[in-house]
file input.txt (compact mmCIF, C-alpha atoms)
# COMPACT_ATOMS: atom_id res chain seq x y z
CA MET Q 1 17.31 -7.65 23.27
CA THR Q 2 14.17 -5.70 22.51
CA GLU Q 3 14.41 -2.43 20.63
CA SER Q 4 13.62 0.45 22.93
CA SER Q 5 12.43 3.85 21.78
CA GLU Q 6 15.54 5.33 23.43
CA SER Q 7 17.71 3.77 20.72
CA PHE Q 8 15.45 4.96 17.89
CA LYS Q 9 17.31 6.94 15.25
CA PRO Q 10 15.11 9.64 13.74
CA TYR Q 11 14.33 9.80 10.06
CA ARG Q 12 15.18 12.96 8.12
CA LEU Q 13 13.95 14.27 4.78
CA LYS Q 14 16.46 13.29 2.09
CA HIS Q 15 14.72 13.96 -1.27
CA THR Q 16 11.57 15.60 -2.58
CA LEU Q 17 10.46 14.28 -5.97
CA SER Q 18 8.16 16.63 -7.81
CA GLY Q 19 6.84 15.75 -11.22
CA HIS Q 20 3.26 14.66 -10.65
CA LYS Q 21 0.73 17.36 -11.46
CA ARG Q 22 -1.99 16.16 -9.09
CA ALA Q 23 -2.33 14.14 -5.88
CA VAL Q 24 0.09 11.26 -5.35
CA SER Q 25 -2.16 8.32 -4.47
CA SER Q 26 0.36 5.51 -4.11
CA VAL Q 27 4.09 4.94 -3.54
CA LYS Q 28 5.77 1.50 -3.54
CA PHE Q 29 9.33 0.23 -3.40
CA SER Q 30 10.02 -2.84 -5.53
CA GLY Q 31 10.72 -6.08 -3.64
CA ASP Q 32 14.38 -6.05 -4.64
CA GLY Q 33 14.71 -2.42 -3.48
CA ARG Q 34 15.99 -1.14 -6.83
CA PHE Q 35 12.97 0.95 -7.78
CA LEU Q 36 10.37 3.28 -6.33
CA ALA Q 37 7.03 3.75 -8.12
CA SER Q 38 4.42 6.45 -7.65
CA GLY Q 39 0.90 6.71 -9.03
CA SER Q 40 -1.14 9.87 -9.30
CA ALA Q 41 -4.51 11.42 -10.02
CA ASP Q 42 -2.71 13.03 -13.00
CA LYS Q 43 -3.24 9.64 -14.83
CA THR Q 44 0.46 8.76 -14.82
CA ALA Q 45 2.77 6.50 -12.88
CA ARG Q 46 6.48 7.16 -12.44
CA VAL Q 47 9.37 4.87 -11.55
CA TYR Q 48 12.61 6.10 -9.99
CA SER Q 49 15.84 4.23 -9.53
CA VAL Q 50 16.62 4.18 -5.79
CA SER Q 51 20.36 4.55 -6.45
CA SER Q 52 19.77 7.90 -8.21
CA LEU Q 53 16.41 9.18 -7.00
CA GLU Q 54 16.69 12.56 -8.67
CA ASP Q 55 16.55 10.87 -12.09
CA LEU Q 56 13.24 9.64 -13.45
CA HIS Q 57 13.67 6.04 -14.65
CA ASN Q 58 10.38 5.91 -16.58
CA GLU Q 59 6.96 7.50 -16.90
CA PHE Q 60 3.88 5.40 -17.71
CA GLN Q 61 1.17 7.16 -19.69
CA GLY Q 62 -2.03 5.75 -21.15
CA HIS Q 63 -4.71 5.63 -18.46
CA GLU Q 64 -7.71 7.81 -19.29
CA LEU Q 65 -8.38 8.76 -15.67
CA GLY Q 66 -6.46 9.00 -12.40
CA ILE Q 67 -4.44 6.17 -10.87
CA SER Q 68 -5.26 5.06 -7.32
CA ASP Q 69 -2.69 2.31 -6.78
CA VAL Q 70 0.54 0.85 -8.15
CA ALA Q 71 2.26 -2.49 -7.49
CA PHE Q 72 5.48 -4.16 -8.63
CA SER Q 73 5.84 -7.79 -9.60
CA SER Q 74 8.23 -9.60 -7.24
CA ASP Q 75 11.17 -9.36 -9.64
CA GLY Q 76 10.53 -5.65 -10.33
CA ARG Q 77 10.08 -6.26 -14.06
CA PHE Q 78 6.43 -5.26 -14.21
CA LEU Q 79 4.33 -2.49 -12.72
CA ALA Q 80 0.56 -2.79 -12.33
CA THR Q 81 -1.58 0.35 -12.10
CA ALA Q 82 -5.21 0.62 -10.95
CA SER Q 83 -7.26 3.45 -12.42
CA ASP Q 84 -10.59 5.24 -12.29
CA ASP Q 85 -10.90 4.33 -16.00
CA LYS Q 86 -11.99 0.86 -14.69
CA SER Q 87 -8.85 -0.88 -15.92
CA VAL Q 88 -5.68 -2.36 -14.50
CA ARG Q 89 -2.68 -1.86 -16.74
CA LEU Q 90 0.49 -3.87 -16.76
CA TRP Q 91 3.69 -2.09 -17.79
CA ASP Q 92 7.26 -3.09 -18.55
CA VAL Q 93 9.37 -1.19 -15.99
CA GLU Q 94 12.51 -1.15 -18.15
CA THR Q 95 10.97 0.12 -21.38
CA GLY Q 96 7.88 1.92 -20.06
CA SER Q 97 5.72 0.13 -22.61
CA LEU Q 98 2.21 -1.19 -22.00
CA VAL Q 99 2.14 -5.00 -21.75
CA LYS Q 100 -1.55 -5.69 -21.03
CA THR Q 101 -4.79 -3.95 -20.16
CA LEU Q 102 -6.97 -5.91 -17.73
CA SER Q 103 -10.60 -4.98 -18.36
CA GLY Q 104 -13.70 -6.22 -16.58
CA HIS Q 105 -14.33 -4.08 -13.51
CA THR Q 106 -17.47 -1.98 -13.92
CA ASN Q 107 -16.33 0.94 -11.77
CA TYR Q 108 -13.14 2.63 -10.52
CA VAL Q 109 -10.32 0.18 -9.77
CA PHE Q 110 -8.98 1.32 -6.42
CA CYS Q 111 -6.33 -1.21 -5.38
CA VAL Q 112 -4.02 -3.78 -6.95
CA ASN Q 113 -1.34 -6.28 -5.90
CA PHE Q 114 0.66 -9.17 -7.33
CA ASN Q 115 0.96 -12.51 -5.57
CA PRO Q 116 4.56 -13.36 -4.53
CA GLN Q 117 4.95 -15.72 -7.51
CA SER Q 118 3.73 -12.80 -9.68
CA ASN Q 119 1.66 -15.04 -11.93
CA MET Q 120 -1.56 -13.56 -10.50
CA ILE Q 121 -2.86 -10.08 -9.79
CA ALA Q 122 -5.70 -9.18 -7.42
CA SER Q 123 -7.62 -5.95 -7.89
CA GLY Q 124 -10.40 -4.32 -5.88
CA SER Q 125 -12.95 -1.88 -7.18
CA PHE Q 126 -15.80 0.49 -6.43
CA ASP Q 127 -17.93 -2.20 -8.14
CA GLU Q 128 -17.58 -4.06 -4.77
CA THR Q 129 -15.76 -7.05 -6.28
CA VAL Q 130 -12.25 -8.45 -6.09
CA ARG Q 131 -10.96 -9.81 -9.39
CA ILE Q 132 -8.12 -12.30 -9.75
CA TRP Q 133 -6.21 -12.11 -13.03
CA ASP Q 134 -3.76 -14.37 -14.80
CA VAL Q 135 -0.70 -12.22 -15.54
CA LYS Q 136 0.47 -14.14 -18.60
CA SER Q 137 -2.82 -14.17 -20.52
CA GLY Q 138 -4.39 -11.07 -18.97
CA LYS Q 139 -7.59 -13.08 -18.44
CA CYS Q 140 -9.80 -12.72 -15.39
CA LEU Q 141 -9.72 -16.02 -13.47
CA LYS Q 142 -12.23 -15.20 -10.74
CA VAL Q 143 -14.66 -12.50 -9.71
CA LEU Q 144 -15.22 -12.53 -5.94
CA PRO Q 145 -18.46 -10.89 -4.77
CA ALA Q 146 -16.35 -9.61 -1.93
CA HIS Q 147 -18.12 -6.71 -0.28
CA SER Q 148 -21.22 -4.51 -0.15
CA ASP Q 149 -19.27 -1.27 -0.60
CA PRO Q 150 -16.13 -0.19 -2.51
CA VAL Q 151 -13.11 -2.46 -1.98
CA THR Q 152 -10.30 -0.36 -0.52
CA ALA Q 153 -7.35 -2.80 -0.41
CA VAL Q 154 -6.24 -6.25 -1.57
CA ASN Q 155 -3.12 -8.03 -0.36
CA PHE Q 156 -1.64 -11.52 -0.75
CA ASN Q 157 0.07 -13.30 2.13
CA LEU Q 158 3.67 -14.49 2.15
CA ASP Q 159 3.18 -17.67 0.09
CA GLY Q 160 0.33 -16.33 -2.06
CA SER Q 161 -2.18 -18.87 -0.76
CA VAL Q 162 -4.65 -16.32 0.59
CA ILE Q 163 -5.85 -12.81 -0.23
CA ALA Q 164 -7.05 -10.23 2.28
CA SER Q 165 -9.58 -7.64 1.15
CA CYS Q 166 -11.29 -4.81 2.97
CA SER Q 167 -14.03 -2.32 2.28
CA TYR Q 168 -16.02 0.68 3.39
CA ASP Q 169 -18.60 -1.92 4.49
CA GLY Q 170 -16.51 -2.34 7.67
CA ILE Q 171 -15.38 -5.88 6.89
CA CYS Q 172 -12.06 -7.60 6.20
CA ARG Q 173 -12.28 -10.90 4.37
CA ILE Q 174 -9.69 -13.60 3.81
CA TRP Q 175 -9.97 -15.59 0.59
CA ASP Q 176 -8.42 -18.79 -0.68
CA ALA Q 177 -6.47 -17.51 -3.68
CA SER Q 178 -6.90 -20.67 -5.76
CA THR Q 179 -10.57 -21.52 -5.09
CA GLY Q 180 -11.91 -18.02 -4.38
CA HIS Q 181 -13.69 -19.28 -1.26
CA CYS Q 182 -14.05 -16.96 1.72
CA LEU Q 183 -12.06 -18.45 4.62
CA LYS Q 184 -12.57 -15.80 7.26
CA THR Q 185 -14.44 -12.59 8.01
CA LEU Q 186 -13.05 -10.07 10.48
CA ILE Q 187 -15.33 -7.37 11.84
CA GLU Q 188 -14.56 -4.69 14.43
CA ASP Q 189 -17.28 -4.27 17.09
CA GLU Q 190 -18.12 -0.75 15.91
CA HIS Q 191 -17.38 -1.75 12.28
CA PRO Q 192 -15.98 1.57 11.06
CA PRO Q 193 -15.17 1.67 7.30
CA VAL Q 194 -11.97 -0.26 6.62
CA SER Q 195 -9.58 1.75 4.47
CA PHE Q 196 -6.54 -0.51 4.30
CA VAL Q 197 -5.27 -4.02 5.01
CA LYS Q 198 -1.84 -5.60 4.70
CA PHE Q 199 -0.18 -8.83 5.85
CA SER Q 200 2.90 -8.53 8.05
CA PRO Q 201 6.18 -9.64 6.42
CA ASN Q 202 6.02 -13.03 8.22
CA GLY Q 203 2.38 -13.49 7.17
CA LYS Q 204 1.13 -14.03 10.73
CA PHE Q 205 -0.52 -10.67 11.30
CA LEU Q 206 -2.80 -8.26 9.49
CA LEU Q 207 -2.46 -4.51 9.76
CA VAL Q 208 -5.90 -2.95 9.36
CA GLY Q 209 -6.63 0.76 8.98
CA THR Q 210 -10.09 2.14 9.72
CA LEU Q 211 -11.63 5.58 9.24
CA ASP Q 212 -11.87 6.16 13.00
CA ASN Q 213 -8.23 7.31 13.21
CA THR Q 214 -7.07 3.85 14.20
CA LEU Q 215 -4.71 1.11 13.03
CA ARG Q 216 -5.13 -2.38 14.43
CA LEU Q 217 -2.92 -5.43 14.35
CA TRP Q 218 -4.82 -8.72 14.04
CA ASN Q 219 -3.57 -12.22 14.59
CA PHE Q 220 -4.49 -13.75 11.25
CA SER Q 221 -4.95 -17.37 12.41
CA THR Q 222 -6.96 -16.68 15.57
CA GLY Q 223 -8.87 -13.66 14.29
CA LYS Q 224 -8.07 -11.83 17.55
CA PHE Q 225 -6.90 -8.29 17.54
CA LEU Q 226 -3.67 -7.66 19.43
CA LYS Q 227 -2.68 -4.02 19.29
CA THR Q 228 -4.05 -0.59 18.44
CA TYR Q 229 -2.07 2.36 17.07
CA THR Q 230 -3.54 5.86 17.37
CA GLY Q 231 -2.52 9.52 17.35
CA HIS Q 232 -2.62 10.06 13.60
CA VAL Q 233 -5.61 11.50 11.73
CA ASN Q 234 -7.54 9.26 9.35
CA SER Q 235 -11.28 9.71 8.95
CA LYS Q 236 -11.64 10.66 5.29
CA TYR Q 237 -9.13 9.06 2.92
CA CYS Q 238 -7.84 5.56 2.31
CA ILE Q 239 -4.36 5.94 3.72
CA SER Q 240 -1.82 3.15 3.49
CA SER Q 241 0.32 1.92 6.35
CA THR Q 242 3.14 -0.58 6.49
CA PHE Q 243 5.73 -2.43 8.55
CA SER Q 244 9.28 -1.16 8.95
CA ILE Q 245 11.58 -4.09 9.79
CA THR Q 246 15.05 -3.03 8.59
CA ASN Q 247 16.11 -1.63 11.99
CA GLY Q 248 13.78 -2.75 14.77
CA LYS Q 249 10.04 -3.24 14.25
CA TYR Q 250 7.81 -0.26 13.59
CA ILE Q 251 4.44 0.60 12.10
CA VAL Q 252 4.46 3.48 9.59
CA SER Q 253 1.40 5.36 8.34
CA GLY Q 254 0.34 8.45 6.46
CA SER Q 255 -2.05 10.91 8.06
CA GLU Q 256 -4.49 13.68 7.22
CA ASP Q 257 -2.49 16.17 9.30
CA ASN Q 258 0.23 16.10 6.57
CA CYS Q 259 2.61 13.94 8.63
CA VAL Q 260 4.04 10.43 8.48
CA TYR Q 261 3.74 8.58 11.81
CA LEU Q 262 6.04 5.90 13.20
CA TRP Q 263 5.02 3.70 16.13
CA GLU Q 264 7.12 1.13 17.89
CA LEU Q 265 5.30 -2.11 17.04
CA GLN Q 266 5.49 -3.69 20.50
CA SER Q 267 4.93 -0.70 22.80
CA ARG Q 268 2.54 1.12 20.43
CA LYS Q 269 4.35 4.38 21.27
CA ILE Q 270 4.72 7.09 18.63
CA VAL Q 271 8.48 7.42 18.13
CA GLN Q 272 8.43 10.01 15.36
CA LYS Q 273 6.18 12.27 13.31
CA LEU Q 274 7.75 13.22 9.96
CA GLU Q 275 6.82 16.77 8.98
CA GLY Q 276 7.36 18.27 5.54
CA HIS Q 277 4.36 17.50 3.33
CA THR Q 278 1.83 20.29 2.81
CA ASP Q 279 -1.25 18.08 2.35
CA ALA Q 280 -2.62 14.77 3.63
CA VAL Q 281 -0.14 11.89 3.25
CA LEU Q 282 -2.03 9.11 1.45
CA SER Q 283 0.64 6.51 0.94
CA VAL Q 284 3.83 5.22 2.58
CA SER Q 285 6.29 2.49 1.67
CA CYS Q 286 9.39 1.15 3.42
CA HIS Q 287 12.47 0.07 1.52
CA PRO Q 288 13.01 -3.72 1.90
CA SER Q 289 16.62 -3.51 3.08
CA GLU Q 290 17.59 0.12 3.75
CA ASN Q 291 16.25 2.41 6.47
CA MET Q 292 14.28 4.47 3.99
CA ILE Q 293 10.63 5.55 3.84
CA ALA Q 294 8.78 7.00 0.83
CA SER Q 295 5.58 9.03 1.22
CA GLY Q 296 3.15 10.60 -1.22
CA ALA Q 297 0.60 13.36 -0.61
CA LEU Q 298 -2.60 14.95 -1.86
CA GLY Q 299 -3.09 17.69 -4.45
CA ASN Q 300 -1.88 20.74 -2.52
CA ASP Q 301 1.46 18.98 -2.22
CA GLU Q 302 1.81 16.59 -5.20
CA THR Q 303 5.25 15.39 -4.10
CA VAL Q 304 6.89 12.14 -3.17
CA LYS Q 305 9.26 12.51 -0.22
CA ILE Q 306 12.10 10.17 0.74
CA TRP Q 307 13.12 9.95 4.39
CA THR Q 308 16.23 8.17 5.68
CA GLN Q 309 17.64 7.38 9.10
CA ASP Q 310 20.84 9.07 10.23
CA GLU Q 311 23.79 6.79 9.57
CA ASN Q 312 25.77 7.47 12.73
call {"tool": "encode", "arguments": {"input": "input.txt", "output": "structure tokens"}}
result
Amino acid sequence: MTESSESFKPYRLKHTLSGHKRAVSSVKFSGDGRFLASGSADKTARVYSVSSLEDLHNEFQGHELGISDVAFSSDGRFLATASDDKSVRLWDVETGSLVKTLSGHTNYVFCVNFNPQSNMIASGSFDETVRIWDVKSGKCLKVLPAHSDPVTAVNFNLDGSVIASCSYDGICRIWDASTGHCLKTLIEDEHPPVSFVKFSPNGKFLLVGTLDNTLRLWNFSTGKFLKTYTGHVNSKYCISSTFSITNGKYIVSGSEDNCVYLWELQSRKIVQKLEGHTDAVLSVSCHPSENMIASGALGNDETVKIWTQDEN
């Protein structure tokens, strides 16, 4: 039976986590669902335990400039942070201590992700490159001359064999993670700046955000685009979007009108607009097993909000 919007249970605001002193640039749940991380322009990252969200689990201090992205290793033991200080830092989630500093980018590091095996990290930068790092040694394995403008997102697929990257240059590229060869280039006809890319949980599709207020779903193997999601506002900031699959299939995105949007994946209908933030929502993340969404917003708001679906 297909999920219909009639059966959609609305999300409600459950918690507001204040603590960051500037814009919240990134929120991510860990793969095991135990932790929630946030990164901020205030140069810090924070990790909360999902079972007691009001309590701060750890704060990560040491970057010299603001943080644009955070990412957990698959087992939730490590947190990677990408900063305007041109470095990626690797932290121990349990102790809060710095494990490694990955240096080499020549400009702001804007995005970061682990591969599923968590032995490699990909990072994208305003220096227009994607770097692939060995987690254990902290050494840079490859520098991909990926784009002709800042790299706005990097994401590994399900088995870690390929990396997707995107950029203000209007292009999405797919790379072989082991050789660093470009396997595919996806370009929209109008080629608006691409602000975000992410593989679907099954690895078959790519969710692509562009600065023309549009999200598109691409079939990764054919390079054809299948669906378009609109109604939100996104022309200025790199806003993340994601897949919600714990109770039906939905697309979730932040927006510059201070809301979080939910679309039914198949019908492309907006099923809910979550209101509560007081500035543009830059980042969203869905809990891997519970019906829970986290969102983080710009500097007039500075909060992380947790939304949950009604139980009944």
call {"tool": "closest_residue", "arguments": {"input": "input.txt", "among": "Q:Asn234, Q:Thr179, Q:Asn202, Q:Ser125", "to": "Ser167 of chain Q", "atoms": "all atoms listed in the file"}}
result
Q:Ser125
call {"tool": "closest_residue", "arguments": {"input": "input.txt", "among": "Q:Leu98, Q:Ala37, Q:Met120, Q:Val47", "to": "Gly62 of chain Q", "atoms": "all atoms listed in the file"}}
result
Q:Leu98
call {"tool": "residues_around", "arguments": {"input": "input.txt", "residues": "segment 206-213 of chain Q", "least_positions_apart": "4", "cutoff": "9 Å", "atoms": "all atoms listed in the file", "output": "PyMOL selection string"}}
result
chain Q and resi 164+166+168+170+172+191-200+217-220+229-243+251+255
call {"tool": "write_last_selection", "arguments": {"input": "input.txt", "atoms": "C-alpha atoms", "output": "short mmCIF file (atom, residue, chain, number, x, y, z; two decimals), in the coordinates of the input"}}
result
data_model
loop_
_atom_site.label_atom_id
_atom_site.label_comp_id
_atom_site.auth_asym_id
_atom_site.auth_seq_id
_atom_site.Cartn_x
_atom_site.Cartn_y
_atom_site.Cartn_z
CA ALA Q 164 -7.05 -10.23 2.28
CA CYS Q 166 -11.29 -4.81 2.97
CA TYR Q 168 -16.02 0.68 3.39
CA GLY Q 170 -16.51 -2.34 7.67
CA CYS Q 172 -12.06 -7.60 6.20
CA HIS Q 191 -17.38 -1.75 12.28
CA PRO Q 192 -15.98 1.57 11.06
CA PRO Q 193 -15.17 1.67 7.30
CA VAL Q 194 -11.97 -0.26 6.62
CA SER Q 195 -9.58 1.75 4.47
CA PHE Q 196 -6.54 -0.51 4.30
CA VAL Q 197 -5.27 -4.02 5.01
CA LYS Q 198 -1.84 -5.60 4.70
CA PHE Q 199 -0.18 -8.83 5.85
CA SER Q 200 2.90 -8.53 8.05
CA LEU Q 217 -2.92 -5.43 14.35
CA TRP Q 218 -4.82 -8.72 14.04
CA ASN Q 219 -3.57 -12.22 14.59
CA PHE Q 220 -4.49 -13.75 11.25
CA TYR Q 229 -2.07 2.36 17.07
CA THR Q 230 -3.54 5.86 17.37
CA GLY Q 231 -2.52 9.52 17.35
CA HIS Q 232 -2.62 10.06 13.60
CA VAL Q 233 -5.61 11.50 11.73
CA ASN Q 234 -7.54 9.26 9.35
CA SER Q 235 -11.28 9.71 8.95
CA LYS Q 236 -11.64 10.66 5.29
CA TYR Q 237 -9.13 9.06 2.92
CA CYS Q 238 -7.84 5.56 2.31
CA ILE Q 239 -4.36 5.94 3.72
CA SER Q 240 -1.82 3.15 3.49
CA SER Q 241 0.32 1.92 6.35
CA THR Q 242 3.14 -0.58 6.49
CA PHE Q 243 5.73 -2.43 8.55
CA ILE Q 251 4.44 0.60 12.10
CA SER Q 255 -2.05 10.91 8.06
#
call {"tool": "residues_around", "arguments": {"input": "input.txt", "residues": "segment 301-310 of chain Q", "least_positions_apart": "3", "cutoff": "9 Å", "atoms": "all atoms listed in the file", "output": "PyMOL selection string"}}
result
chain Q and resi 9-24+27+38+40+53+274+276-280+290-298
call {"tool": "atom_distance", "arguments": {"input": "input.txt", "atom1": "atom CA of Ser52 of chain Q", "atom2": "atom CA of Ser244 of chain Q"}}
result
22.1 Å
call {"tool": "closest_residue", "arguments": {"input": "input.txt", "among": "Q:Glu311, Q:Asp69, Q:Asp75, Q:Asp134", "to": "Ser30 of chain Q", "atoms": "only C-alpha atoms"}}
result
Q:Asp75
call {"tool": "atom_distance", "arguments": {"input": "input.txt", "atom1": "atom CA of Ser123 of chain Q", "atom2": "atom CA of Val109 of chain Q"}}
result
7.0 Å
call {"tool": "atom_distance", "arguments": {"input": "input.txt", "atom1": "atom CA of Val135 of chain Q", "atom2": "atom CA of Lys204 of chain Q"}}
result
26.4 Å
call {"tool": "residues_around", "arguments": {"input": "input.txt", "residues": "Leu56 of chain Q", "least_positions_apart": "6", "cutoff": "9 Å", "atoms": "all atoms listed in the file", "output": "PDB file with C-alpha atoms, in the coordinates of the input"}}
result
ATOM      1  CA  ARG Q  46       6.480   7.160 -12.440  1.00  0.00           C
ATOM      2  CA  VAL Q  47       9.370   4.870 -11.550  1.00  0.00           C
ATOM      3  CA  TYR Q  48      12.610   6.100  -9.990  1.00  0.00           C
ATOM      4  CA  SER Q  49      15.840   4.230  -9.530  1.00  0.00           C
TER       5      SER Q  49
END
call {"tool": "residues_near_point", "arguments": {"input": "input.txt", "point": "(-17.1, -6.6, -1.9)", "cutoff": "10 Å", "atoms": "only C-alpha atoms", "output": "PyMOL selection string"}}
result
chain Q and resi 124-130+144-152+165-169+171-173
call {"tool": "closest_residue", "arguments": {"input": "input.txt", "among": "Q:His287, Q:Arg131, Q:Lys249, Q:Lys43", "to": "Phe114 of chain Q", "atoms": "all atoms listed in the file"}}
result
Q:Arg131
call {"tool": "residues_near_point", "arguments": {"input": "input.txt", "point": "(-10.6, 3.2, -10.8)", "cutoff": "7 Å", "atoms": "only C-alpha atoms", "output": "PyMOL selection string"}}
result
chain Q and resi 67-68+82-87+107-110+125
